[in-house]
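> The following file, protein_22.csv, comprises CSV, C-alpha atoms:
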chain,number,residue,atom,x,y,z
U,1,MET,CA,21.6,-14.2,-6.6
U,2,THR,CA,21.5,-13.6,-2.8
U,3,ASP,CA,18.7,-15.0,-0.7
U,4,VAL,CA,17.3,-11.5,-0.2
U,5,ILE,CA,17.1,-10.8,-3.9
U,6,ARG,CA,15.7,-14.2,-4.6
U,7,GLN,CA,12.9,-13.6,-2.1
U,8,LEU,CA,12.1,-10.2,-3.7
U,9,TYR,CA,11.6,-12.0,-7.0
U,10,GLU,CA,9.5,-14.7,-5.4
U,11,ARG,CA,7.2,-12.5,-3.3
U,12,LYS,CA,3.7,-12.0,-4.7
U,13,SER,CA,0.4,-10.8,-3.3
U,14,VAL,CA,-1.5,-13.4,-1.2
U,15,ARG,CA,-5.2,-13.1,-0.7
U,16,VAL,CA,-6.1,-16.6,0.7
U,17,PHE,CA,-4.6,-17.7,4.0
U,18,GLU,CA,-4.5,-20.8,6.1
U,19,ASP,CA,-6.4,-20.8,9.4
U,20,ARG,CA,-3.2,-20.6,11.3
U,21,GLU,CA,-2.3,-18.0,13.9
U,22,ILE,CA,0.8,-15.8,13.6
U,23,SER,CA,2.9,-16.1,16.8
U,24,GLN,CA,3.8,-13.0,18.7
U,25,GLU,CA,7.5,-13.7,18.0
U,26,VAL,CA,6.9,-13.6,14.3
U,27,LYS,CA,4.7,-10.5,14.6
U,28,ASP,CA,7.3,-8.7,16.6
U,29,ALA,CA,10.0,-9.6,14.0
U,30,VAL,CA,7.9,-8.1,11.2
U,31,LEU,CA,7.2,-4.9,13.1
U,32,GLY,CA,10.8,-4.7,14.2
U,33,ALA,CA,11.9,-4.9,10.6
U,34,ALA,CA,9.4,-2.3,9.6
U,35,VAL,CA,10.8,0.3,12.0
U,36,GLN,CA,14.3,-0.3,10.8
U,37,ALA,CA,13.4,1.2,7.4
U,38,PRO,CA,15.1,4.2,6.0
U,39,THR,CA,13.4,7.4,7.2
U,40,ALA,CA,13.8,11.1,6.5
U,41,GLY,CA,16.0,12.6,9.1
U,42,CYS,CA,15.4,9.6,11.3
U,43,GLN,CA,12.0,11.2,12.1
U,44,GLN,CA,9.9,8.0,11.4
U,45,LEU,CA,7.1,10.0,10.0
U,46,TYR,CA,4.6,7.2,10.4
U,47,THR,CA,2.5,5.4,12.9
U,48,ILE,CA,1.6,1.8,12.5
U,49,ILE,CA,-1.9,0.8,13.7
U,50,ASP,CA,-2.1,-2.9,14.6
U,51,VAL,CA,-5.7,-4.0,14.0
U,52,THR,CA,-6.6,-6.8,16.4
U,53,ASP,CA,-10.3,-6.1,17.0
U,54,PRO,CA,-12.3,-8.5,14.8
U,55,THR,CA,-15.2,-6.0,14.5
U,56,LEU,CA,-12.8,-3.3,13.4
U,57,LYS,CA,-11.3,-5.7,10.9
U,58,GLU,CA,-14.7,-6.4,9.4
U,59,ALA,CA,-15.5,-2.7,9.2
U,60,LEU,CA,-12.3,-2.0,7.4
U,61,ALA,CA,-12.9,-4.9,5.0
U,62,GLU,CA,-16.3,-3.3,4.1
U,63,ALA,CA,-14.9,0.2,3.9
U,64,CYS,CA,-12.0,-1.0,1.7
U,65,ASP,CA,-14.2,-1.8,-1.3
U,66,HIS,CA,-15.9,-4.8,0.3
U,67,GLN,CA,-13.0,-7.3,0.4
U,68,PRO,CA,-14.0,-10.1,2.8
U,69,PHE,CA,-10.6,-11.8,2.6
U,70,ILE,CA,-9.3,-9.0,4.8
U,71,THR,CA,-11.2,-10.5,7.7
U,72,GLN,CA,-9.4,-13.8,7.2
U,73,ALA,CA,-6.0,-12.3,7.6
U,74,LYS,CA,-4.2,-13.1,10.9
U,75,MET,CA,-2.4,-9.7,11.0
U,76,VAL,CA,-3.6,-6.4,9.7
U,77,LEU,CA,-1.4,-3.3,9.8
U,78,VAL,CA,-2.3,0.2,8.7
U,79,PHE,CA,0.8,2.5,8.0
U,80,CYS,CA,-0.2,6.1,8.6
U,81,ALA,CA,1.8,9.0,7.3
U,82,ASP,CA,2.0,11.0,10.5
U,83,CYS,CA,2.8,14.7,10.4
U,84,ARG,CA,1.1,15.3,13.7
U,85,LYS,CA,3.4,13.9,16.3
U,86,TRP,CA,6.4,16.0,15.5
U,87,TYR,CA,4.1,19.1,15.1
U,88,GLU,CA,2.7,18.4,18.6
U,89,ALA,CA,6.2,17.7,20.0
U,90,PHE,CA,7.5,21.0,18.6
U,91,LYS,CA,4.7,22.9,20.2
U,92,ALA,CA,5.1,21.1,23.5
U,93,ALA,CA,8.8,22.0,23.5
U,94,GLY,CA,8.0,25.7,23.1
U,95,CYS,CA,8.8,26.0,19.4
U,96,GLN,CA,6.7,27.9,16.9
U,97,PRO,CA,6.1,25.3,14.1
U,98,ARG,CA,4.4,26.2,10.9
U,99,GLN,CA,1.3,24.3,9.9
U,100,PRO,CA,2.2,21.0,8.2
U,101,GLY,CA,2.0,21.3,4.4
U,102,GLU,CA,1.6,19.1,1.4
U,103,GLY,CA,5.4,18.6,1.2
U,104,ASP,CA,5.5,17.2,4.7
U,105,LEU,CA,2.7,14.8,3.8
U,106,LEU,CA,4.5,13.5,0.8
U,107,LEU,CA,7.7,13.0,2.9
U,108,ALA,CA,5.6,11.1,5.5
U,109,VAL,CA,3.9,9.0,2.9
U,110,THR,CA,7.3,8.0,1.6
U,111,ASP,CA,8.5,7.1,5.1
U,112,ALA,CA,5.3,5.0,5.7
U,113,ALA,CA,5.6,3.2,2.4
U,114,ILE,CA,9.2,2.3,3.0
U,115,ALA,CA,8.4,0.9,6.4
U,116,ALA,CA,5.5,-1.1,5.0
U,117,GLN,CA,7.7,-2.6,2.3
U,118,ASN,CA,10.3,-3.6,5.0
U,119,ALA,CA,7.4,-5.4,6.8
U,120,VAL,CA,6.5,-7.2,3.5
U,121,VAL,CA,10.0,-8.4,2.9
U,122,ALA,CA,10.5,-9.5,6.5
U,123,ALA,CA,7.1,-11.4,6.4
U,124,HIS,CA,8.0,-13.2,3.2
U,125,SER,CA,11.3,-14.4,4.7
U,126,LEU,CA,9.4,-15.8,7.6
U,127,GLY,CA,6.9,-17.7,5.4
U,128,LEU,CA,4.1,-15.2,5.6
U,129,GLY,CA,2.1,-14.0,2.7
U,130,SER,CA,1.0,-10.4,2.4
U,131,CYS,CA,-1.2,-8.1,0.3
U,132,TYR,CA,-1.3,-4.3,0.1
U,133,ILE,CA,-4.8,-2.8,0.4
U,134,GLY,CA,-4.7,0.4,-1.5
U,135,ASP,CA,-8.4,1.0,-0.8
U,136,ILE,CA,-7.5,2.2,2.7
U,137,MET,CA,-7.2,5.7,1.0
U,138,GLU,CA,-10.9,5.5,0.1
U,139,ASN,CA,-13.8,6.8,2.2
U,140,CYS,CA,-11.9,9.4,4.1
U,141,GLU,CA,-14.7,10.2,6.6
U,142,GLN,CA,-15.3,6.5,7.5
U,143,GLU,CA,-11.6,5.6,7.7
U,144,ARG,CA,-11.0,8.6,10.0
U,145,ASP,CA,-13.8,7.5,12.3
U,146,LEU,CA,-12.8,3.8,12.3
U,147,LEU,CA,-9.1,4.5,13.1
U,148,SER,CA,-9.5,7.6,15.1
U,149,LEU,CA,-7.3,9.6,12.8
U,150,PRO,CA,-6.7,13.2,13.7
U,151,ALA,CA,-5.7,16.0,11.3
U,152,TYR,CA,-2.3,15.6,9.7
U,153,VAL,CA,-2.5,11.8,9.8
U,154,PHE,CA,-3.1,10.0,6.5
U,155,PRO,CA,-3.6,6.2,6.0
U,156,ALA,CA,-0.9,5.6,3.4
U,157,ALA,CA,-0.9,1.8,3.2
U,158,MET,CA,-2.7,-1.1,4.7
U,159,LEU,CA,-1.2,-4.6,4.8
U,160,VAL,CA,-2.8,-8.0,5.5
U,161,PHE,CA,-0.7,-11.0,6.5
U,162,GLY,CA,-1.2,-14.7,6.9
U,163,TYR,CA,0.3,-18.1,6.0
U,164,PRO,CA,-0.5,-18.7,2.3
U,165,THR,CA,-2.4,-21.8,1.2
U,166,GLU,CA,-0.7,-24.3,-1.1
U,167,GLN,CA,-2.7,-23.0,-4.0
U,168,GLN,CA,-1.4,-19.5,-3.3
U,169,LYS,CA,2.1,-20.7,-3.1
U,170,ARG,CA,1.8,-22.4,-6.5
U,171,ARG,CA,0.1,-19.5,-8.1
U,172,GLU,CA,2.3,-17.8,-10.7
U,173,LYS,CA,3.5,-14.3,-10.0
U,174,PRO,CA,2.4,-11.8,-12.7
U,175,ALA,CA,5.3,-10.9,-14.9
U,176,ARG,CA,6.8,-7.4,-14.7
U,177,ALA,CA,7.5,-5.1,-17.6
U,178,ALA,CA,10.8,-5.3,-19.4
U,179,MET,CA,13.6,-3.3,-17.8
U,180,LYS,CA,14.1,-1.2,-20.9
U,181,HIS,CA,10.6,0.3,-20.4
U,182,ILE,CA,11.0,1.0,-16.7
U,183,VAL,CA,14.6,2.2,-16.4
U,184,HIS,CA,15.3,5.5,-18.2
U,185,GLU,CA,18.9,6.8,-18.3
U,186,ASN,CA,19.7,10.3,-17.1
U,187,GLY,CA,16.2,11.6,-17.5
U,188,TYR,CA,12.6,10.8,-18.3
U,189,ARG,CA,11.9,9.5,-21.8
U,190,LEU,CA,8.5,9.9,-23.2
U,191,MET,CA,7.4,6.6,-24.8
U,192,ALA,CA,5.5,6.6,-28.1
U,193,ALA,CA,2.4,4.5,-28.6
U,194,ASP,CA,4.2,1.6,-30.2
U,195,GLU,CA,6.6,1.3,-27.3
U,196,LEU,CA,3.7,1.5,-24.7
U,197,GLU,CA,2.0,-1.3,-26.6
U,198,GLU,CA,5.2,-3.3,-26.6
U,199,MET,CA,5.4,-2.8,-22.8
U,200,LEU,CA,1.8,-3.8,-22.1
U,201,LEU,CA,1.0,-6.3,-24.8
U,202,PRO,CA,2.1,-9.3,-22.7
U,203,ARG,CA,-0.6,-8.5,-20.2
U,204,ALA,CA,-3.3,-8.9,-22.8
U,205,GLY,CA,-2.6,-12.5,-23.3
U,206,GLN,CA,-4.9,-13.9,-26.0
U,207,MET,CA,-7.2,-10.8,-25.9
U,208,ASP,CA,-7.0,-8.1,-28.5
U,209,TYR,CA,-4.7,-5.4,-27.1
U,210,SER,CA,-7.1,-2.5,-27.7
U,211,ARG,CA,-10.0,-4.4,-26.1
U,212,TYR,CA,-7.8,-5.3,-23.1
U,213,MET,CA,-6.8,-1.7,-22.6
U,214,GLN,CA,-10.4,-0.5,-22.8
U,215,LEU,CA,-11.5,-3.1,-20.2
U,216,PHE,CA,-8.6,-2.4,-17.9
U,217,CYS,CA,-9.2,1.4,-18.1
U,218,GLU,CA,-12.8,1.0,-17.1
U,219,ARG,CA,-12.1,-1.6,-14.4
U,220,LYS,CA,-9.3,0.4,-12.7
U,221,TYR,CA,-8.6,3.9,-13.9
U,222,ASN,CA,-12.2,5.0,-14.6
U,223,SER,CA,-13.7,3.0,-11.8
U,224,ASP,CA,-15.9,4.3,-9.1
U,225,PHE,CA,-13.4,3.3,-6.4
U,226,SER,CA,-10.6,5.2,-8.2
U,227,ARG,CA,-12.8,8.3,-8.4
U,228,GLU,CA,-13.7,7.9,-4.7
U,229,MET,CA,-10.0,7.6,-3.8
U,230,THR,CA,-9.2,10.9,-5.5
U,231,ARG,CA,-12.1,12.6,-3.7
U,232,SER,CA,-11.0,11.1,-0.4
U,233,VAL,CA,-7.3,12.1,-0.8
U,234,ARG,CA,-8.4,15.6,-1.6
U,235,ARG,CA,-10.3,15.7,1.7
U,236,TYR,CA,-7.1,14.7,3.5
U,237,LEU,CA,-5.1,17.2,1.6
U,238,ALA,CA,-7.3,20.0,2.9
U,239,ASP,CA,-5.6,19.4,6.3
U,240,PHE,CA,-2.3,20.4,4.8
U,241,SER,CA,-3.3,23.3,2.7
U,242,GLU,CA,-2.0,26.6,4.2
U,243,ASP,CA,-4.5,29.3,4.9
Take the structure I supplied and represent it as structure tokens, if you would.


Amino acid sequence: MTDVIRQLYERKSVRVFEDREISQEVKDAVLGAAVQAPTAGCQQLYTIIDVTDPTLKEALAEACDHQPFITQAKMVLVFCADCRKWYEAFKAAGCQPRQPGEGDLLLAVTDAAIAAQNAVVAAHSLGLGSCYIGDIMENCEQERDLLSLPAYVFPAAMLVFGYPTEQQKRREKPARAAMKHIVHENGYRLMAADELEEMLLPRAGQMDYSRYMQLFCERKYNSDFSREMTRSVRRYLADFSED
């Protein structure tokens, strides 16, 4: 196993950080790795917002489902799917570009997510912990105001970084599902109820499987924040809907 693969296996989400600053050299290395990510047509369809204002960090922690640990992170980056800069560049160059559409958004989200994951891998190799904050897609109106996001720019991912505490280093990484359930050969394979249970049963631990699934469904899938995320994403999608 190579060092890179070993680190991918080791890396886990970190939500408790030491009170230790991240040097500019380390920060630049993480950002430099991010922008080396694969990108559609070398367009780099993303913009990275480096959140350094403590007040803004606190506001984002509240807007992202009230998660105070965000304020303790020493580096906060928001990866925005950016369909605006090329659209503006085309117009400025005298082109006649069409309005960005949903396909452009999905391509840009992919670009942004790949860049974010490059940052995560680079950070881990440098001893930094990180955590994705999916709630950045909630509260469309508030996020737009906080981050000054114009039309055709979508906050695809938010990452917080810091040096993990010893407890976080020792904490066991949650197990992933068996490969046979995740990797399908030559096409998608619908899994029957018994195979789905086989895949998810280890997550239930000592709890009854049906009870675990009911609780997880209500806590995640049917939750208020999940419904708000859907509403918020629809508001962003309105930018990309053709007349």

> So, counting all atoms listed in the file, which residue among U:Gln214, U:Leu56, U:Thr47, U:Ala178 is closest to Arg84 in chain U?

U:Thr47

> Between CA of Val30 in chain U and CA of Ala113 in chain U, what is the spacing in Å?

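These atoms are spaced 14.5 Å apart.
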
> What is the distance between CA of Cys64 in chain U and CA of Gln168 in chain U, in Å to one decimal?

21.9 Å

> Can you pull out the residues contacting Leu196 in chain U? Cut-off 12 Å, using only C-alpha atoms, and skip same-chain residues under 3 positions away; I want them as a list in words.

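My list of contacting residues is Ala177, Ala178, Lys180, His181, Ile182, Arg189, Leu190, Met191, Ala192, Ala193, Met199, Leu200, Leu201, Pro202, Arg203, Tyr209, Ser210 and Met213 of chain U.
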
> Name the residues, using the chain letters and numbers of the file, that sit within 12 Å of (2.6, 6.3, 5.1) when counting all atoms listed in the file, and give them as a ChimeraX atom specification.

/U:34,39,44-49,77-83,104-117,134,136-137,152-159

> Nearest residue to Val76 in chain U out of U:Phe17, U:Phe161, U:Tyr132, U:Phe216, using only C-alpha atoms?

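Using only C-alpha atoms, the shortest distance to Val76 in chain U belongs to U:Phe161.
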
> Can you list, as a ChimeraX atom specification, every protein, DNA or RNA residue that comes within 12 Å of range 125-129 of chain U when you count all atoms listed in the file, leaving out same-chain residues fewer than 6 positions away?

/U:3-18,20-23,25-30,33,73-76,118-119,159-166,168-169

> Quote the spacing between CA of Gln72 in chain U and CA of Asp19 in chain U in Å to one decimal place.

7.9 Å

> Of the candidates U:Thr55, U:Asn139, U:Asn186, U:Gln206, which one gets nearest to Val233 in chain U if we count all atoms listed in the file?

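Nearest candidate to Val233 in chain U out of U:Thr55, U:Asn139, U:Asn186, U:Gln206: U:Asn139.
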
> Give as a PDB file with C-alpha atoms, keeping the file's coordinate frame every residue, naming chains and numbers as the document does, that has an atom within 7 Å of (-12.4, 8.7, 1.1), counting all atoms listed in the file.


ATOM      1  CA  MET U 137      -7.200   5.700   1.000  1.00  0.00           C
ATOM      2  CA  GLU U 138     -10.900   5.500   0.100  1.00  0.00           C
ATOM      3  CA  ASN U 139     -13.800   6.800   2.200  1.00  0.00           C
ATOM      4  CA  CYS U 140     -11.900   9.400   4.100  1.00  0.00           C
ATOM      5  CA  GLU U 141     -14.700  10.200   6.600  1.00  0.00           C
ATOM      6  CA  GLU U 228     -13.700   7.900  -4.700  1.00  0.00           C
ATOM      7  CA  MET U 229     -10.000   7.600  -3.800  1.00  0.00           C
ATOM      8  CA  ARG U 231     -12.100  12.600  -3.700  1.00  0.00           C
ATOM      9  CA  SER U 232     -11.000  11.100  -0.400  1.00  0.00           C
ATOM     10  CA  VAL U 233      -7.300  12.100  -0.800  1.00  0.00           C
TER      11      VAL U 233
END

> Pick the closest to Val121 in chain U from U:Cys217, U:Ala89, U:Val183, U:Ala37: which is it, counting all atoms listed in the file?

U:Ala37

> Nearest to Glu143 in chain U among U:Asp208, U:Thr2, U:Asn222, U:Asp65, with distances taken over all atoms listed in the file: which residue is it?

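Under the stated criterion, the closest residue is U:Asp65.
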
> Excluding Arg98 in chain U and its own-chain neighbours fewer than 6 positions away, which residues fall within 12 Å of it when counting all atoms listed in the file? Please give them as a ChimeraX atom specification.

/U:83-84,86-88,90-91,104,240-243

> Counting only C-alpha atoms, which residue out of U:Ala63, U:Val35, U:Ala93, U:Leu147 sits closest to Phe225 in chain U?

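Checking each of U:Ala63, U:Val35, U:Ala93, U:Leu147 against Phe225 in chain U, counting only C-alpha atoms, the winner is U:Ala63.
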
> Mind completing range 6-17 of chain U with all heavy atoms? Output as an mmCIF file, in the frame of the given file, please?


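Wrote part.cif, looks like this:
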data_model
loop_
_atom_site.group_PDB
_atom_site.id
_atom_site.type_symbol
_atom_site.label_atom_id
_atom_site.label_comp_id
_atom_site.auth_asym_id
_atom_site.auth_seq_id
_atom_site.Cartn_x
_atom_site.Cartn_y
_atom_site.Cartn_z
ATOM 1 N N ARG U 6 16.530 -13.124 -4.195
ATOM 2 C CA ARG U 6 15.700 -14.200 -4.600
ATOM 3 C C ARG U 6 14.266 -14.091 -4.014
ATOM 4 O O ARG U 6 13.264 -14.288 -4.697
ATOM 5 C CB ARG U 6 16.291 -15.569 -4.220
ATOM 6 C CG ARG U 6 15.403 -16.780 -4.546
ATOM 7 C CD ARG U 6 16.078 -18.078 -4.108
ATOM 8 N NE ARG U 6 16.474 -18.049 -2.712
ATOM 9 C CZ ARG U 6 15.642 -18.219 -1.695
ATOM 10 N NH1 ARG U 6 14.336 -18.399 -1.909
ATOM 11 N NH2 ARG U 6 16.086 -18.198 -0.455
ATOM 12 N N GLN U 7 14.209 -13.742 -2.752
ATOM 13 C CA GLN U 7 12.900 -13.600 -2.100
ATOM 14 C C GLN U 7 12.126 -12.425 -2.659
ATOM 15 O O GLN U 7 10.897 -12.478 -2.743
ATOM 16 C CB GLN U 7 13.111 -13.457 -0.586
ATOM 17 C CG GLN U 7 13.569 -14.742 0.083
ATOM 18 C CD GLN U 7 13.941 -14.553 1.539
ATOM 19 O OE1 GLN U 7 13.762 -13.486 2.096
ATOM 20 N NE2 GLN U 7 14.475 -15.594 2.145
ATOM 21 N N LEU U 8 12.828 -11.362 -3.071
ATOM 22 C CA LEU U 8 12.100 -10.200 -3.700
ATOM 23 C C LEU U 8 11.512 -10.650 -5.024
ATOM 24 O O LEU U 8 10.415 -10.205 -5.373
ATOM 25 C CB LEU U 8 13.108 -9.071 -3.903
ATOM 26 C CG LEU U 8 13.568 -8.344 -2.640
ATOM 27 C CD1 LEU U 8 14.688 -7.361 -2.967
ATOM 28 C CD2 LEU U 8 12.415 -7.612 -1.967
ATOM 29 N N TYR U 9 12.199 -11.492 -5.765
ATOM 30 C CA TYR U 9 11.600 -12.000 -7.000
ATOM 31 C C TYR U 9 10.468 -12.945 -6.753
ATOM 32 O O TYR U 9 9.506 -12.987 -7.522
ATOM 33 C CB TYR U 9 12.725 -12.761 -7.808
ATOM 34 C CG TYR U 9 13.580 -11.883 -8.694
ATOM 35 C CD1 TYR U 9 14.564 -11.059 -8.156
ATOM 36 C CD2 TYR U 9 13.411 -11.882 -10.075
ATOM 37 C CE1 TYR U 9 15.357 -10.254 -8.963
ATOM 38 C CE2 TYR U 9 14.198 -11.089 -10.895
ATOM 39 C CZ TYR U 9 15.171 -10.274 -10.335
ATOM 40 O OH TYR U 9 15.947 -9.481 -11.139
ATOM 41 N N GLU U 10 10.544 -13.724 -5.676
ATOM 42 C CA GLU U 10 9.500 -14.700 -5.400
ATOM 43 C C GLU U 10 8.238 -14.095 -4.830
ATOM 44 O O GLU U 10 7.132 -14.569 -5.110
ATOM 45 C CB GLU U 10 10.033 -15.714 -4.329
ATOM 46 C CG GLU U 10 11.108 -16.651 -4.816
ATOM 47 C CD GLU U 10 11.627 -17.512 -3.672
ATOM 48 O OE1 GLU U 10 11.296 -17.250 -2.499
ATOM 49 O OE2 GLU U 10 12.382 -18.448 -3.973
ATOM 50 N N ARG U 11 8.370 -13.037 -4.043
ATOM 51 C CA ARG U 11 7.200 -12.500 -3.300
ATOM 52 C C ARG U 11 6.111 -12.050 -4.240
ATOM 53 O O ARG U 11 6.333 -11.380 -5.236
ATOM 54 C CB ARG U 11 7.690 -11.351 -2.410
ATOM 55 C CG ARG U 11 6.629 -10.854 -1.435
ATOM 56 C CD ARG U 11 5.804 -9.739 -2.005
ATOM 57 N NE ARG U 11 4.576 -9.510 -1.238
ATOM 58 C CZ ARG U 11 3.582 -8.763 -1.677
ATOM 59 N NH1 ARG U 11 3.666 -8.149 -2.845
ATOM 60 N NH2 ARG U 11 2.505 -8.625 -0.943
ATOM 61 N N LYS U 12 4.883 -12.430 -3.915
ATOM 62 C CA LYS U 12 3.700 -12.000 -4.700
ATOM 63 C C LYS U 12 2.567 -11.759 -3.691
ATOM 64 O O LYS U 12 2.615 -12.192 -2.536
ATOM 65 C CB LYS U 12 3.299 -13.066 -5.693
ATOM 66 C CG LYS U 12 3.037 -14.455 -5.114
ATOM 67 C CD LYS U 12 2.659 -15.442 -6.208
ATOM 68 C CE LYS U 12 2.441 -16.848 -5.655
ATOM 69 N NZ LYS U 12 3.715 -17.537 -5.324
ATOM 70 N N SER U 13 1.543 -11.059 -4.133
ATOM 71 C CA SER U 13 0.400 -10.800 -3.300
ATOM 72 C C SER U 13 -0.351 -12.066 -2.950
ATOM 73 O O SER U 13 -0.558 -12.907 -3.825
ATOM 74 C CB SER U 13 -0.544 -9.773 -3.941
ATOM 75 O OG SER U 13 0.082 -8.522 -4.102
ATOM 76 N N VAL U 14 -0.752 -12.202 -1.697
ATOM 77 C CA VAL U 14 -1.500 -13.400 -1.200
ATOM 78 C C VAL U 14 -2.817 -12.928 -0.643
ATOM 79 O O VAL U 14 -2.849 -12.047 0.220
ATOM 80 C CB VAL U 14 -0.665 -14.160 -0.172
ATOM 81 C CG1 VAL U 14 -1.496 -15.285 0.430
ATOM 82 C CG2 VAL U 14 0.608 -14.723 -0.795
ATOM 83 N N ARG U 15 -3.897 -13.535 -1.130
ATOM 84 C CA ARG U 15 -5.200 -13.100 -0.700
ATOM 85 C C ARG U 15 -6.033 -14.291 -0.072
ATOM 86 O O ARG U 15 -7.190 -14.107 0.293
ATOM 87 C CB ARG U 15 -6.016 -12.530 -1.859
ATOM 88 C CG ARG U 15 -5.409 -11.236 -2.400
ATOM 89 C CD ARG U 15 -6.183 -10.711 -3.600
ATOM 90 N NE ARG U 15 -5.646 -9.446 -4.066
ATOM 91 C CZ ARG U 15 -4.611 -9.320 -4.905
ATOM 92 N NH1 ARG U 15 -4.001 -10.415 -5.364
ATOM 93 N NH2 ARG U 15 -4.179 -8.137 -5.275
ATOM 94 N N VAL U 16 -5.410 -15.468 0.022
ATOM 95 C CA VAL U 16 -6.100 -16.600 0.700
ATOM 96 C C VAL U 16 -5.082 -17.190 1.668
ATOM 97 O O VAL U 16 -3.954 -17.550 1.304
ATOM 98 C CB VAL U 16 -6.465 -17.694 -0.368
ATOM 99 C CG1 VAL U 16 -7.260 -18.807 0.327
ATOM 100 C CG2 VAL U 16 -7.289 -17.097 -1.503
ATOM 101 N N PHE U 17 -5.525 -17.288 2.915
ATOM 102 C CA PHE U 17 -4.600 -17.700 4.000
ATOM 103 C C PHE U 17 -5.097 -18.955 4.690
ATOM 104 O O PHE U 17 -6.299 -19.253 4.743
ATOM 105 C CB PHE U 17 -4.542 -16.563 5.049
ATOM 106 C CG PHE U 17 -4.148 -15.226 4.485
ATOM 107 C CD1 PHE U 17 -5.077 -14.199 4.374
ATOM 108 C CD2 PHE U 17 -2.854 -14.997 4.058
ATOM 109 C CE1 PHE U 17 -4.721 -12.967 3.857
ATOM 110 C CE2 PHE U 17 -2.479 -13.767 3.539
ATOM 111 C CZ PHE U 17 -3.420 -12.750 3.432
#
